[in-house]
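Shown here: upload.txt, compact mmCIF, N, CA and C atoms.
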# COMPACT_ATOMS: atom_id res chain seq x y z
N MET A 1 285.08 -4.85 -90.63
CA MET A 1 285.31 -5.82 -91.68
C MET A 1 284.66 -7.14 -91.26
N ASN A 2 283.82 -7.69 -92.11
CA ASN A 2 283.10 -8.93 -91.85
C ASN A 2 283.89 -10.09 -92.46
N LEU A 3 284.50 -10.94 -91.62
CA LEU A 3 285.28 -12.07 -92.11
C LEU A 3 284.42 -13.30 -92.36
N ASN A 4 283.23 -13.33 -91.79
CA ASN A 4 282.34 -14.47 -91.95
C ASN A 4 281.25 -14.10 -92.95
N PRO A 5 281.25 -14.73 -94.13
CA PRO A 5 280.23 -14.38 -95.13
C PRO A 5 278.83 -14.82 -94.72
N ASN A 6 278.71 -15.73 -93.74
CA ASN A 6 277.40 -16.19 -93.31
C ASN A 6 276.78 -15.29 -92.25
N LEU A 7 277.53 -14.35 -91.73
CA LEU A 7 277.04 -13.46 -90.70
C LEU A 7 276.49 -12.20 -91.36
N ASN A 8 275.18 -12.00 -91.23
CA ASN A 8 274.53 -10.85 -91.84
C ASN A 8 274.44 -9.72 -90.83
N LEU A 9 275.08 -8.62 -91.14
CA LEU A 9 275.01 -7.47 -90.25
C LEU A 9 274.10 -6.42 -90.87
N ASN A 10 273.19 -5.92 -90.10
CA ASN A 10 272.34 -4.85 -90.59
C ASN A 10 273.05 -3.52 -90.35
N PRO A 11 272.53 -2.40 -90.86
CA PRO A 11 273.24 -1.12 -90.73
C PRO A 11 273.54 -0.72 -89.28
N SER A 12 272.78 -1.19 -88.32
CA SER A 12 273.05 -0.82 -86.93
C SER A 12 274.24 -1.59 -86.37
N GLY A 13 274.76 -2.58 -87.10
CA GLY A 13 275.91 -3.35 -86.65
C GLY A 13 275.55 -4.58 -85.85
N LYS A 14 274.26 -4.81 -85.63
CA LYS A 14 273.83 -5.99 -84.88
C LYS A 14 273.53 -7.12 -85.85
N SER A 15 273.82 -8.34 -85.40
CA SER A 15 273.54 -9.47 -86.27
C SER A 15 272.05 -9.78 -86.25
N SER A 16 271.58 -10.31 -87.36
CA SER A 16 270.17 -10.64 -87.46
C SER A 16 269.88 -11.90 -86.64
N PRO A 17 268.66 -12.03 -86.12
CA PRO A 17 268.32 -13.21 -85.32
C PRO A 17 268.47 -14.52 -86.09
N ALA A 18 268.25 -14.50 -87.39
CA ALA A 18 268.37 -15.72 -88.19
C ALA A 18 269.80 -16.25 -88.18
N SER A 19 270.79 -15.37 -88.13
CA SER A 19 272.18 -15.83 -88.15
C SER A 19 272.61 -16.36 -86.79
N LEU A 20 271.85 -16.07 -85.75
CA LEU A 20 272.18 -16.59 -84.42
C LEU A 20 271.58 -17.96 -84.17
N ALA A 21 270.70 -18.42 -85.03
CA ALA A 21 270.05 -19.71 -84.84
C ALA A 21 271.06 -20.86 -84.78
N PRO A 22 272.06 -20.96 -85.67
CA PRO A 22 273.03 -22.06 -85.56
C PRO A 22 273.81 -22.03 -84.24
N LEU A 23 274.12 -20.83 -83.76
CA LEU A 23 274.83 -20.73 -82.49
C LEU A 23 273.94 -21.15 -81.33
N THR A 24 272.68 -20.81 -81.42
CA THR A 24 271.74 -21.21 -80.37
C THR A 24 271.59 -22.72 -80.35
N TYR A 25 271.48 -23.33 -81.52
CA TYR A 25 271.37 -24.79 -81.60
C TYR A 25 272.64 -25.45 -81.07
N ALA A 26 273.79 -24.88 -81.40
CA ALA A 26 275.04 -25.43 -80.90
C ALA A 26 275.10 -25.33 -79.38
N TRP A 27 274.68 -24.18 -78.84
CA TRP A 27 274.67 -24.01 -77.39
C TRP A 27 273.72 -25.01 -76.74
N LEU A 28 272.55 -25.19 -77.32
CA LEU A 28 271.60 -26.17 -76.78
C LEU A 28 272.16 -27.59 -76.84
N ALA A 29 272.87 -27.90 -77.91
CA ALA A 29 273.50 -29.22 -78.02
C ALA A 29 274.56 -29.39 -76.93
N LEU A 30 275.33 -28.34 -76.64
CA LEU A 30 276.32 -28.41 -75.57
C LEU A 30 275.66 -28.64 -74.21
N VAL A 31 274.54 -27.97 -73.98
CA VAL A 31 273.81 -28.16 -72.73
C VAL A 31 273.29 -29.58 -72.64
N MET A 32 272.73 -30.10 -73.73
CA MET A 32 272.21 -31.46 -73.74
C MET A 32 273.32 -32.49 -73.52
N LEU A 33 274.47 -32.28 -74.15
CA LEU A 33 275.59 -33.20 -73.95
C LEU A 33 276.08 -33.16 -72.50
N THR A 34 276.05 -31.98 -71.90
CA THR A 34 276.44 -31.86 -70.50
C THR A 34 275.47 -32.62 -69.61
N LEU A 35 274.18 -32.44 -69.85
CA LEU A 35 273.18 -33.17 -69.07
C LEU A 35 273.28 -34.68 -69.30
N LEU A 36 273.54 -35.07 -70.54
CA LEU A 36 273.73 -36.48 -70.84
C LEU A 36 274.92 -37.05 -70.08
N SER A 37 276.02 -36.31 -70.03
CA SER A 37 277.19 -36.80 -69.32
C SER A 37 276.92 -36.93 -67.82
N LEU A 38 276.16 -35.98 -67.27
CA LEU A 38 275.79 -36.09 -65.85
C LEU A 38 274.91 -37.32 -65.61
N GLY A 39 273.95 -37.55 -66.48
CA GLY A 39 273.08 -38.71 -66.36
C GLY A 39 273.84 -40.02 -66.50
N LEU A 40 274.74 -40.08 -67.47
CA LEU A 40 275.54 -41.30 -67.66
C LEU A 40 276.41 -41.56 -66.44
N GLY A 41 276.95 -40.50 -65.86
CA GLY A 41 277.77 -40.66 -64.67
C GLY A 41 276.98 -41.22 -63.50
N GLN A 42 275.73 -40.82 -63.38
CA GLN A 42 274.88 -41.34 -62.31
C GLN A 42 274.45 -42.78 -62.58
N TRP A 43 274.05 -43.07 -63.81
CA TRP A 43 273.52 -44.39 -64.14
C TRP A 43 274.60 -45.46 -64.20
N PHE A 44 275.75 -45.11 -64.78
CA PHE A 44 276.80 -46.10 -65.00
C PHE A 44 278.01 -45.85 -64.11
N HIS A 45 277.78 -45.33 -62.92
CA HIS A 45 278.87 -45.04 -61.99
C HIS A 45 279.69 -46.30 -61.74
N GLY A 46 280.97 -46.22 -62.03
CA GLY A 46 281.87 -47.35 -61.82
C GLY A 46 281.91 -48.35 -62.95
N ALA A 47 281.12 -48.18 -63.99
CA ALA A 47 281.13 -49.12 -65.12
C ALA A 47 282.44 -49.00 -65.89
N SER A 48 282.89 -50.10 -66.44
CA SER A 48 284.18 -50.10 -67.14
C SER A 48 284.14 -49.32 -68.46
N GLY A 49 282.97 -49.20 -69.07
CA GLY A 49 282.87 -48.48 -70.33
C GLY A 49 282.60 -47.00 -70.19
N LEU A 50 282.41 -46.53 -68.97
CA LEU A 50 282.09 -45.12 -68.76
C LEU A 50 283.18 -44.17 -69.25
N PRO A 51 284.46 -44.45 -69.04
CA PRO A 51 285.48 -43.53 -69.56
C PRO A 51 285.43 -43.36 -71.08
N ILE A 52 285.03 -44.40 -71.78
CA ILE A 52 284.92 -44.29 -73.24
C ILE A 52 283.78 -43.34 -73.61
N LEU A 53 282.65 -43.46 -72.91
CA LEU A 53 281.52 -42.56 -73.17
C LEU A 53 281.87 -41.11 -72.82
N VAL A 54 282.55 -40.93 -71.70
CA VAL A 54 282.95 -39.58 -71.29
C VAL A 54 283.91 -38.98 -72.30
N ALA A 55 284.88 -39.76 -72.75
CA ALA A 55 285.83 -39.26 -73.74
C ALA A 55 285.13 -38.90 -75.05
N ALA A 56 284.15 -39.69 -75.45
CA ALA A 56 283.41 -39.39 -76.68
C ALA A 56 282.62 -38.09 -76.54
N ILE A 57 282.00 -37.89 -75.39
CA ILE A 57 281.24 -36.66 -75.17
C ILE A 57 282.17 -35.46 -75.13
N VAL A 58 283.32 -35.59 -74.49
CA VAL A 58 284.29 -34.48 -74.46
C VAL A 58 284.75 -34.14 -75.87
N TRP A 59 285.00 -35.18 -76.68
CA TRP A 59 285.44 -34.94 -78.05
C TRP A 59 284.32 -34.25 -78.87
N LEU A 60 283.08 -34.73 -78.73
CA LEU A 60 281.97 -34.10 -79.44
C LEU A 60 281.80 -32.63 -79.06
N LYS A 61 281.88 -32.36 -77.76
CA LYS A 61 281.73 -30.98 -77.30
C LYS A 61 282.87 -30.11 -77.83
N GLY A 62 284.08 -30.63 -77.83
CA GLY A 62 285.21 -29.86 -78.37
C GLY A 62 285.06 -29.57 -79.85
N MET A 63 284.63 -30.57 -80.61
CA MET A 63 284.42 -30.36 -82.05
C MET A 63 283.30 -29.36 -82.30
N LEU A 64 282.25 -29.43 -81.52
CA LEU A 64 281.13 -28.51 -81.67
C LEU A 64 281.57 -27.07 -81.39
N VAL A 65 282.33 -26.88 -80.34
CA VAL A 65 282.83 -25.54 -80.01
C VAL A 65 283.77 -25.04 -81.11
N ALA A 66 284.65 -25.90 -81.59
CA ALA A 66 285.59 -25.49 -82.63
C ALA A 66 284.88 -25.12 -83.92
N ARG A 67 283.89 -25.89 -84.31
CA ARG A 67 283.21 -25.63 -85.59
C ARG A 67 282.26 -24.44 -85.53
N ARG A 68 281.50 -24.34 -84.45
CA ARG A 68 280.45 -23.32 -84.40
C ARG A 68 280.89 -22.00 -83.78
N PHE A 69 281.72 -22.05 -82.75
CA PHE A 69 282.08 -20.83 -82.06
C PHE A 69 283.45 -20.29 -82.47
N ILE A 70 284.42 -21.18 -82.65
CA ILE A 70 285.75 -20.75 -83.10
C ILE A 70 285.78 -20.65 -84.62
N GLU A 71 284.85 -21.30 -85.30
CA GLU A 71 284.73 -21.32 -86.76
C GLU A 71 285.99 -21.88 -87.42
N SER A 72 286.39 -23.06 -86.96
CA SER A 72 287.59 -23.69 -87.50
C SER A 72 287.52 -24.00 -89.00
N PRO A 73 286.34 -24.28 -89.60
CA PRO A 73 286.34 -24.51 -91.05
C PRO A 73 286.77 -23.29 -91.87
N LEU A 74 286.69 -22.11 -91.29
CA LEU A 74 287.10 -20.90 -92.00
C LEU A 74 288.58 -20.58 -91.81
N ALA A 75 289.23 -21.28 -90.91
CA ALA A 75 290.64 -21.00 -90.60
C ALA A 75 291.55 -21.66 -91.63
N HIS A 76 292.80 -21.25 -91.59
CA HIS A 76 293.84 -21.87 -92.42
C HIS A 76 293.91 -23.36 -92.08
N PRO A 77 294.20 -24.23 -93.04
CA PRO A 77 294.24 -25.67 -92.76
C PRO A 77 295.20 -26.05 -91.62
N PHE A 78 296.32 -25.33 -91.49
CA PHE A 78 297.24 -25.62 -90.39
C PHE A 78 296.57 -25.38 -89.04
N ILE A 79 295.86 -24.26 -88.92
CA ILE A 79 295.17 -23.93 -87.68
C ILE A 79 294.08 -24.98 -87.41
N THR A 80 293.38 -25.40 -88.45
CA THR A 80 292.35 -26.43 -88.29
C THR A 80 292.94 -27.72 -87.75
N TRP A 81 294.09 -28.13 -88.27
CA TRP A 81 294.72 -29.36 -87.79
C TRP A 81 295.25 -29.21 -86.37
N VAL A 82 295.77 -28.04 -86.03
CA VAL A 82 296.21 -27.81 -84.65
C VAL A 82 295.02 -27.91 -83.70
N LEU A 83 293.90 -27.32 -84.08
CA LEU A 83 292.69 -27.40 -83.25
C LEU A 83 292.22 -28.85 -83.10
N ARG A 84 292.24 -29.60 -84.18
CA ARG A 84 291.82 -31.01 -84.10
C ARG A 84 292.72 -31.79 -83.16
N GLY A 85 294.02 -31.55 -83.24
CA GLY A 85 294.94 -32.22 -82.33
C GLY A 85 294.71 -31.83 -80.89
N PHE A 86 294.48 -30.55 -80.66
CA PHE A 86 294.23 -30.05 -79.31
C PHE A 86 292.94 -30.66 -78.76
N ILE A 87 291.92 -30.75 -79.60
CA ILE A 87 290.64 -31.31 -79.17
C ILE A 87 290.77 -32.82 -78.92
N ALA A 88 291.57 -33.51 -79.69
CA ALA A 88 291.74 -34.96 -79.52
C ALA A 88 292.59 -35.29 -78.30
N PHE A 89 293.43 -34.36 -77.85
CA PHE A 89 294.35 -34.64 -76.74
C PHE A 89 293.62 -34.97 -75.45
N THR A 90 292.62 -34.19 -75.09
CA THR A 90 291.93 -34.40 -73.81
C THR A 90 291.21 -35.75 -73.74
N PRO A 91 290.41 -36.12 -74.74
CA PRO A 91 289.78 -37.45 -74.65
C PRO A 91 290.80 -38.59 -74.62
N LEU A 92 291.87 -38.44 -75.38
CA LEU A 92 292.90 -39.48 -75.35
C LEU A 92 293.58 -39.54 -73.98
N ALA A 93 293.84 -38.39 -73.38
CA ALA A 93 294.43 -38.36 -72.04
C ALA A 93 293.48 -38.98 -71.02
N LEU A 94 292.18 -38.70 -71.16
CA LEU A 94 291.19 -39.32 -70.26
C LEU A 94 291.21 -40.84 -70.37
N LEU A 95 291.25 -41.33 -71.60
CA LEU A 95 291.25 -42.79 -71.80
C LEU A 95 292.53 -43.43 -71.29
N LEU A 96 293.67 -42.81 -71.58
CA LEU A 96 294.93 -43.36 -71.10
C LEU A 96 295.00 -43.37 -69.58
N THR A 97 294.51 -42.31 -68.96
CA THR A 97 294.51 -42.24 -67.50
C THR A 97 293.54 -43.26 -66.91
N ALA A 98 292.39 -43.43 -67.54
CA ALA A 98 291.39 -44.37 -67.02
C ALA A 98 291.86 -45.81 -67.10
N PHE A 99 292.51 -46.17 -68.21
CA PHE A 99 292.89 -47.56 -68.41
C PHE A 99 294.33 -47.88 -68.00
N PHE A 100 295.20 -46.87 -67.97
CA PHE A 100 296.61 -47.09 -67.62
C PHE A 100 297.07 -46.11 -66.54
N GLY A 101 296.17 -45.72 -65.65
CA GLY A 101 296.48 -44.73 -64.62
C GLY A 101 297.60 -45.17 -63.70
N GLY A 102 297.63 -46.45 -63.36
CA GLY A 102 298.67 -46.96 -62.47
C GLY A 102 300.05 -46.83 -63.08
N GLN A 103 300.16 -47.14 -64.36
CA GLN A 103 301.45 -47.01 -65.04
C GLN A 103 301.89 -45.55 -65.11
N PHE A 104 300.95 -44.66 -65.41
CA PHE A 104 301.31 -43.24 -65.46
C PHE A 104 301.75 -42.74 -64.11
N ALA A 105 301.10 -43.21 -63.05
CA ALA A 105 301.48 -42.79 -61.71
C ALA A 105 302.88 -43.29 -61.37
N ARG A 106 303.22 -44.50 -61.77
CA ARG A 106 304.57 -45.01 -61.52
C ARG A 106 305.61 -44.24 -62.31
N TRP A 107 305.30 -43.87 -63.55
CA TRP A 107 306.24 -43.11 -64.37
C TRP A 107 306.47 -41.72 -63.80
N ALA A 108 305.45 -41.17 -63.13
CA ALA A 108 305.55 -39.80 -62.62
C ALA A 108 306.26 -39.70 -61.28
N THR A 109 306.45 -40.84 -60.59
CA THR A 109 307.11 -40.78 -59.29
C THR A 109 308.60 -40.79 -59.47
N LEU A 110 309.28 -40.22 -58.50
CA LEU A 110 310.75 -40.17 -58.57
C LEU A 110 311.39 -41.31 -57.84
Show this structure as structure tokens.
Amino acid sequence: MNLNPNLNLNPSGKSSPASLAPLTYAWLALVMLTLLSLGLGQWFHGASGLPILVAAIVWLKGMLVARRFIESPLAHPFITWVLRGFIAFTPLALLLTAFFGGQFARWATL
């Protein structure tokens, strides 16, 4: 049963190369974002704005994976919102830890 109307299966059951192009572009974008994050870490090591850039890249990568590989636009709206919340949690946690790490450490001690 084919749940994705955009996925063209030929009689042999293999997907056509044309339908893999969006996934290939998404994968290339993930690789480029990873390389960008490595470069930013080297160039702006210790900069105060670096956590914001890292959080933005993490959020972009999460959204890209959710849309292209998990296919969140095809899911029930509740599942889509749960995915969005899950994807937003990590960048927000990175930012809170980067800017308020001392307070979190004090709250976590007994």
From the list A:Pro22, A:Pro91, A:Gly102, A:Gly39, which residue is nearest Val58 in chain A when using only C-alpha atoms?
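So, comparing all the options, the nearest one is A:Pro91.
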Interatomic distance (Å, one decimal) between atom N of Pro51 in chain A and atom N of Val65 in chain A
21.0 Å
Provide the CA of Val54 in chain A to atom N of Ser37 in chain A distance in Å, to one decimal place.
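Calculated distance between CA of Val54 in chain A and atom N of Ser37 in chain A is 7.8 Å.
Separating CA of Val82 in chain A from atom N of Leu95 in chain A is a distance of 19.4 Å.
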